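Take a look at the structure set out below.
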Amino acid sequence: MYFLTQMEQKYLLGRIYPLIRKSGVSEDLRGWNWPNPPVRPYYQTRAPMYLVCSKYCPTNRNVFLSAVKGIRGEYTYSLSLGTTMHKLAEDCFNSILNGREERFEDWWNRNYSEISDPNWVDPIRRKAEKVWNYIVIQSKSLISSRKVEQPYSTERDVMATAIPLLVGHRISGELLGLSGLLNIDAFDYLRNIVFDLKVSPEERDWYRLYPTGYAMVLEGVYGVPVDIGAVVYLNFKGDDPVIKKDIFFIGDELRSWWIEERDEKLEIISERKDPGIAENCDARCPYYNYCRG
């Protein structure tokens, strides 16, 4: 799911790279500018990336309920499916990258007990097995192609170019006012693309905030420019996975938007202020029943 199709590679070469060369990014908005405003957070409080980027709630009351009140949102089927798919993608890719390819059945038997509602187990399992098989088949195909193209390369070199991904990469977000340990879904270190997986049937413009924030964190920690983001939409037709990517340039506008969201939400946490219930709530918000019940 983090592999680019031929059309996506053409879009990257023909649209995204020229846009980066033409527009560039302001130095003030690079993650490595973390000691200085506007990247430097005004408040000493820290927040997880998902709270900074989430915009389900128009008033951001979910931030207050979660970070200030310590209230857990409702664990729905959609959240359970999303959690399972994130865990599956990370474990499947890393088992292949580490040369210890795991069987789906073994992985499932270790992890399915984390699904809270027994009625969700079978439908999630059917979907999970198909996603697992898709990742394995795609990975093996790319590895086989690289072996043919690079007959004198070592196994490590073949793997590093066939699947140039850090999956489930742990990194500190402290420099930018975030939680001490963040988990990046995937980072393509050859093309400098940061991926964020969304198990969602709907595309939302604010989903782009997640790769934007992770890109700035990577810049702050490693000091290298990360200018490309991709939201990976995983949906299902029956039990069959359907994957679509939104690939974009992480320019000044997105970076400024992310900083504004971070500062607004850190203010809520630091000052412990309840922003109130929104007039129009999204029914998929995990706090919907809490606020409206």
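Ligands are numbered from 1 in the order shown, residues from 1 within each chain, and chains are lettered A, B, ... in the order they appear in the structure tokens.
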Next on the checklist: I'd like the neighbourhood of Leu12 of chain A as a list of chain:residue names, where a residue qualifies if any of its atoms comes within 9 Å (using only C-alpha atoms), though same-chain residues fewer than 6 positions away should be ignored.
Outcome noted: A:Pro18, A:Ile247, A:Phe248
Could you write those residues out with C-alpha atoms, as an mmCIF file, in the first residue's frame?
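The resulting file, out.cif, is reproduced below:
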data_model
loop_
_atom_site.group_PDB
_atom_site.id
_atom_site.type_symbol
_atom_site.label_atom_id
_atom_site.label_comp_id
_atom_site.auth_asym_id
_atom_site.auth_seq_id
_atom_site.Cartn_x
_atom_site.Cartn_y
_atom_site.Cartn_z
ATOM 1 C CA PRO A 18 8.637 20.432 -10.747
ATOM 2 C CA ILE A 247 0.185 12.626 -3.086
ATOM 3 C CA PHE A 248 1.004 16.287 -2.516
#
Enumerate the residues of segment 23-240 of chain A with a DSSP assignment of helix (DSSP H, G or I), computed from the backbone, and present them as a PyMOL selection string.
-> chain A and resi 23+27-29+31-33+49-53+61-68+77-97+104-114+118-149+155-162+174-176+205-222
Could you write those residues out with C-alpha atoms, as a CSV table (one decimal), in the first residue's frame?
chain,number,residue,atom,x,y,z
A,23,SER,CA,7.9,26.9,-5.3
A,27,GLU,CA,13.2,28.3,5.8
A,28,ASP,CA,11.1,29.7,8.6
A,29,LEU,CA,8.7,26.8,8.1
A,31,GLY,CA,11.1,21.6,11.0
A,32,TRP,CA,14.8,22.3,11.7
A,33,ASN,CA,13.8,25.9,12.6
A,49,MET,CA,0.0,14.1,16.6
A,50,TYR,CA,-3.5,12.7,16.3
A,51,LEU,CA,-5.0,15.4,18.5
A,52,VAL,CA,-3.1,18.2,16.7
A,53,CYS,CA,-4.3,17.1,13.3
A,61,ARG,CA,-13.6,19.8,22.3
A,62,ASN,CA,-12.2,16.4,21.7
A,63,VAL,CA,-8.8,17.8,22.6
A,64,PHE,CA,-10.2,19.1,25.9
A,65,LEU,CA,-11.9,15.8,26.7
A,66,SER,CA,-9.0,13.6,25.9
A,67,ALA,CA,-6.0,15.6,27.1
A,68,VAL,CA,-7.5,17.6,30.0
A,77,TYR,CA,-16.0,-0.8,14.7
A,78,SER,CA,-14.3,1.7,12.4
A,79,LEU,CA,-11.6,2.5,15.0
A,80,SER,CA,-11.0,-1.1,15.6
A,81,LEU,CA,-10.7,-1.8,11.9
A,82,GLY,CA,-8.3,1.1,11.5
A,83,THR,CA,-6.2,0.1,14.5
A,84,THR,CA,-5.9,-3.5,13.2
A,85,MET,CA,-4.9,-2.4,9.7
A,86,HIS,CA,-2.2,-0.1,11.0
A,87,LYS,CA,-0.8,-2.8,13.2
A,88,LEU,CA,-1.0,-5.3,10.3
A,89,ALA,CA,0.8,-3.1,7.8
A,90,GLU,CA,3.6,-2.4,10.2
A,91,ASP,CA,4.1,-6.0,11.3
A,92,CYS,CA,3.8,-7.5,7.8
A,93,PHE,CA,6.2,-5.1,6.1
A,94,ASN,CA,8.7,-5.4,8.9
A,95,SER,CA,8.6,-9.2,8.9
A,96,ILE,CA,9.5,-9.1,5.2
A,97,LEU,CA,12.2,-6.4,5.7
A,104,PHE,CA,-0.9,-14.5,8.6
A,105,GLU,CA,-2.5,-17.1,10.8
A,106,ASP,CA,0.3,-16.7,13.4
A,107,TRP,CA,0.1,-13.0,13.3
A,108,TRP,CA,-3.7,-13.0,13.7
A,109,ASN,CA,-3.7,-15.5,16.6
A,110,ARG,CA,-1.4,-13.1,18.5
A,111,ASN,CA,-3.4,-10.0,17.8
A,112,TYR,CA,-7.1,-10.6,17.3
A,113,SER,CA,-7.8,-10.6,21.1
A,114,GLU,CA,-7.2,-6.9,21.0
A,118,PRO,CA,-16.4,-10.5,19.4
A,119,ASN,CA,-18.9,-9.6,16.7
A,120,TRP,CA,-16.2,-7.7,14.8
A,121,VAL,CA,-13.6,-10.4,14.8
A,122,ASP,CA,-14.7,-12.4,11.7
A,123,PRO,CA,-15.4,-9.4,9.4
A,124,ILE,CA,-12.1,-7.8,10.4
A,125,ARG,CA,-10.2,-11.0,10.0
A,126,ARG,CA,-11.5,-11.5,6.4
A,127,LYS,CA,-10.3,-8.0,5.5
A,128,ALA,CA,-7.0,-8.3,7.3
A,129,GLU,CA,-6.1,-11.5,5.5
A,130,LYS,CA,-6.6,-10.0,2.1
A,131,VAL,CA,-4.6,-6.9,3.0
A,132,TRP,CA,-1.8,-9.1,4.4
A,133,ASN,CA,-1.7,-11.2,1.2
A,134,TYR,CA,-1.7,-8.1,-1.0
A,135,ILE,CA,1.4,-6.7,0.9
A,136,VAL,CA,3.2,-10.0,0.7
A,137,ILE,CA,2.5,-10.5,-3.1
A,138,GLN,CA,3.5,-6.9,-3.9
A,139,SER,CA,6.7,-7.1,-1.9
A,140,LYS,CA,7.8,-10.4,-3.3
A,141,SER,CA,7.2,-9.1,-6.8
A,142,LEU,CA,9.4,-6.0,-6.3
A,143,ILE,CA,12.1,-8.0,-4.6
A,144,SER,CA,12.2,-10.5,-7.5
A,145,SER,CA,12.4,-7.7,-10.0
A,146,ARG,CA,15.3,-6.1,-8.2
A,147,LYS,CA,17.2,-9.4,-8.0
A,148,VAL,CA,16.9,-9.7,-11.8
A,149,GLU,CA,17.9,-6.0,-12.3
A,155,GLU,CA,20.5,-9.3,-0.3
A,156,ARG,CA,20.5,-6.1,1.9
A,157,ASP,CA,21.0,-3.9,-1.1
A,158,VAL,CA,18.2,-5.6,-3.0
A,159,MET,CA,15.8,-5.2,-0.1
A,160,ALA,CA,16.8,-1.6,0.5
A,161,THR,CA,16.0,-0.5,-3.0
A,162,ALA,CA,13.0,-2.9,-3.6
A,174,GLU,CA,9.4,16.9,21.5
A,175,LEU,CA,11.2,19.6,19.5
A,176,LEU,CA,7.9,20.7,17.9
A,205,ASP,CA,-8.5,17.9,3.2
A,206,TRP,CA,-7.3,18.0,6.8
A,207,TYR,CA,-5.9,14.4,6.5
A,208,ARG,CA,-3.0,16.1,4.8
A,209,LEU,CA,-2.0,17.6,8.2
A,210,TYR,CA,-0.7,14.3,9.4
A,211,PRO,CA,2.0,13.8,6.7
A,212,THR,CA,2.8,17.5,7.0
A,213,GLY,CA,3.4,17.3,10.8
A,214,TYR,CA,5.5,14.1,10.4
A,215,ALA,CA,7.5,15.7,7.7
A,216,MET,CA,8.3,18.7,9.9
A,217,VAL,CA,9.3,16.4,12.8
A,218,LEU,CA,11.6,14.4,10.5
A,219,GLU,CA,13.2,17.7,9.4
A,220,GLY,CA,13.6,18.8,13.0
A,221,VAL,CA,15.3,15.5,14.1
A,222,TYR,CA,17.3,14.6,11.0
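Secondary structure of segment 39-225 of chain A, strand (DSSP E or B) only (DSSP, backbone atoms): Ala47, Leu165, Leu166, Val167, Gly168, His169, Arg170, Ile171, Leu178, Leu182, Asn183, Ile184, Asp185, Ala186, Phe187, Asp188, Ile193, Val194, Phe195, Asp196, Leu197 and Lys198 of chain A.
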Go ahead and write the selection's residues with N, CA and C atoms as an mmCIF file, in the first residue's frame.
data_model
loop_
_atom_site.group_PDB
_atom_site.id
_atom_site.type_symbol
_atom_site.label_atom_id
_atom_site.label_comp_id
_atom_site.auth_asym_id
_atom_site.auth_seq_id
_atom_site.Cartn_x
_atom_site.Cartn_y
_atom_site.Cartn_z
ATOM 1 N N ALA A 47 1.412 17.492 22.953
ATOM 2 C CA ALA A 47 0.189 16.809 22.519
ATOM 3 C C ALA A 47 0.546 15.737 21.495
ATOM 4 N N LEU A 165 11.564 1.534 2.603
ATOM 5 C CA LEU A 165 10.606 2.066 3.569
ATOM 6 C C LEU A 165 11.063 1.861 5.006
ATOM 7 N N LEU A 166 10.844 2.887 5.809
ATOM 8 C CA LEU A 166 10.835 2.738 7.258
ATOM 9 C C LEU A 166 9.364 2.678 7.644
ATOM 10 N N VAL A 167 8.920 1.543 8.165
ATOM 11 C CA VAL A 167 7.507 1.345 8.469
ATOM 12 C C VAL A 167 7.327 1.295 9.984
ATOM 13 N N GLY A 168 6.381 2.099 10.470
ATOM 14 C CA GLY A 168 6.204 2.196 11.915
ATOM 15 C C GLY A 168 7.413 2.838 12.568
ATOM 16 N N HIS A 169 7.965 3.846 11.911
ATOM 17 C CA HIS A 169 9.191 4.487 12.395
ATOM 18 C C HIS A 169 8.902 5.314 13.646
ATOM 19 N N ARG A 170 9.597 5.000 14.739
ATOM 20 C CA ARG A 170 9.425 5.744 15.981
ATOM 21 C C ARG A 170 10.371 6.937 15.999
ATOM 22 N N ILE A 171 9.830 8.082 16.419
ATOM 23 C CA ILE A 171 10.626 9.304 16.418
ATOM 24 C C ILE A 171 10.073 10.253 17.478
ATOM 25 N N LEU A 178 5.297 18.119 20.487
ATOM 26 C CA LEU A 178 4.488 16.912 20.374
ATOM 27 C C LEU A 178 4.932 15.864 21.390
ATOM 28 N N LEU A 182 6.491 9.367 18.627
ATOM 29 C CA LEU A 182 5.513 9.319 17.545
ATOM 30 C C LEU A 182 5.770 8.085 16.696
ATOM 31 N N ASN A 183 4.750 7.654 15.982
ATOM 32 C CA ASN A 183 4.852 6.477 15.118
ATOM 33 C C ASN A 183 4.445 6.874 13.705
ATOM 34 N N ILE A 184 5.418 6.972 12.805
ATOM 35 C CA ILE A 184 5.143 7.332 11.417
ATOM 36 C C ILE A 184 4.786 6.063 10.642
ATOM 37 N N ASP A 185 3.656 6.081 9.963
ATOM 38 C CA ASP A 185 3.197 4.873 9.272
ATOM 39 C C ASP A 185 4.257 4.356 8.307
ATOM 40 N N ALA A 186 4.785 5.231 7.448
ATOM 41 C CA ALA A 186 5.841 4.795 6.526
ATOM 42 C C ALA A 186 6.580 6.013 5.982
ATOM 43 N N PHE A 187 7.876 5.831 5.764
ATOM 44 C CA PHE A 187 8.699 6.877 5.174
ATOM 45 C C PHE A 187 9.556 6.262 4.078
ATOM 46 N N ASP A 188 9.369 6.730 2.848
ATOM 47 C CA ASP A 188 10.164 6.289 1.698
ATOM 48 C C ASP A 188 11.436 7.126 1.680
ATOM 49 N N ILE A 193 9.300 10.608 0.833
ATOM 50 C CA ILE A 193 7.846 10.711 0.930
ATOM 51 C C ILE A 193 7.410 10.175 2.288
ATOM 52 N N VAL A 194 6.608 10.931 3.006
ATOM 53 C CA VAL A 194 6.060 10.448 4.263
ATOM 54 C C VAL A 194 4.604 10.056 4.032
ATOM 55 N N PHE A 195 4.265 8.813 4.412
ATOM 56 C CA PHE A 195 2.934 8.250 4.184
ATOM 57 C C PHE A 195 2.147 8.212 5.488
ATOM 58 N N ASP A 196 0.845 8.455 5.375
ATOM 59 C CA ASP A 196 -0.046 8.270 6.517
ATOM 60 C C ASP A 196 -1.256 7.476 6.055
ATOM 61 N N LEU A 197 -1.534 6.380 6.737
ATOM 62 C CA LEU A 197 -2.606 5.468 6.350
ATOM 63 C C LEU A 197 -3.924 5.867 7.010
ATOM 64 N N LYS A 198 -4.975 5.967 6.200
ATOM 65 C CA LYS A 198 -6.313 6.245 6.695
ATOM 66 C C LYS A 198 -7.259 5.147 6.208
#
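Contact shell of Ala278 of chain A at 10 Å (only C-alpha atoms; same-chain neighbours under 3 positions omitted): Cys57, Pro58, Thr59, Asn60, Arg61, Pro275, Cys281, Asp282, Cys291 and Arg292 of chain A.
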Saved selection, atoms kept: C-alpha atoms, as a compact mmCIF listing (two decimals), in the first residue's frame:
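That gives us out_18.txt:
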# COMPACT_ATOMS: atom_id res chain seq x y z
CA CYS A 57 -14.78 18.41 16.13
CA PRO A 58 -15.40 21.99 14.87
CA THR A 59 -14.65 23.43 18.33
CA ASN A 60 -11.80 21.01 19.21
CA ARG A 61 -13.65 19.84 22.30
CA PRO A 275 -14.27 25.20 24.01
CA CYS A 281 -21.14 17.27 15.32
CA ASP A 282 -19.69 14.54 13.12
CA CYS A 291 -21.27 15.23 24.08
CA ARG A 292 -24.72 14.54 22.64
Residues within 6 Å of segment 234-236 of chain A, only C-alpha atoms, excluding chain neighbours under 6 positions, as a PDB file with N, CA and C atoms, in the first residue's frame:
ATOM      1  N   VAL A 199      -7.867   4.437   7.141  1.00  0.00           N
ATOM      2  CA  VAL A 199      -8.865   3.435   6.786  1.00  0.00           C
ATOM      3  C   VAL A 199     -10.200   4.171   6.768  1.00  0.00           C
ATOM      4  N   SER A 200     -10.496   4.741   5.614  1.00  0.00           N
ATOM      5  CA  SER A 200     -11.639   5.657   5.520  1.00  0.00           C
ATOM      6  C   SER A 200     -12.201   5.658   4.107  1.00  0.00           C
ATOM      7  N   PRO A 201     -13.527   5.670   3.982  1.00  0.00           N
ATOM      8  CA  PRO A 201     -14.134   5.760   2.651  1.00  0.00           C
ATOM      9  C   PRO A 201     -14.170   7.187   2.111  1.00  0.00           C
ATOM     10  N   VAL A 242      -9.408  -1.721  -1.330  1.00  0.00           N
ATOM     11  CA  VAL A 242      -9.324  -0.723  -2.391  1.00  0.00           C
ATOM     12  C   VAL A 242      -8.419   0.387  -1.874  1.00  0.00           C
ATOM     13  N   ILE A 243      -7.362   0.699  -2.624  1.00  0.00           N
ATOM     14  CA  ILE A 243      -6.353   1.641  -2.141  1.00  0.00           C
ATOM     15  C   ILE A 243      -6.231   2.819  -3.101  1.00  0.00           C
TER      16      ILE A 243
END
| query | Leaving out Gly73 of chain A and any residue of its chain fewer than 2 positions from it, which residues lie within 10 Å of it when counting only C-alpha atoms, given as a ChimeraX atom specification? | reply | /A:62,65-66,70-71,75-76,285-290
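Taking only C-alpha atoms into account, Lys22 of chain A lies nearest to A:Phe249 out of the set A:Ala283, A:Ser153, A:Glu267, A:Phe249.
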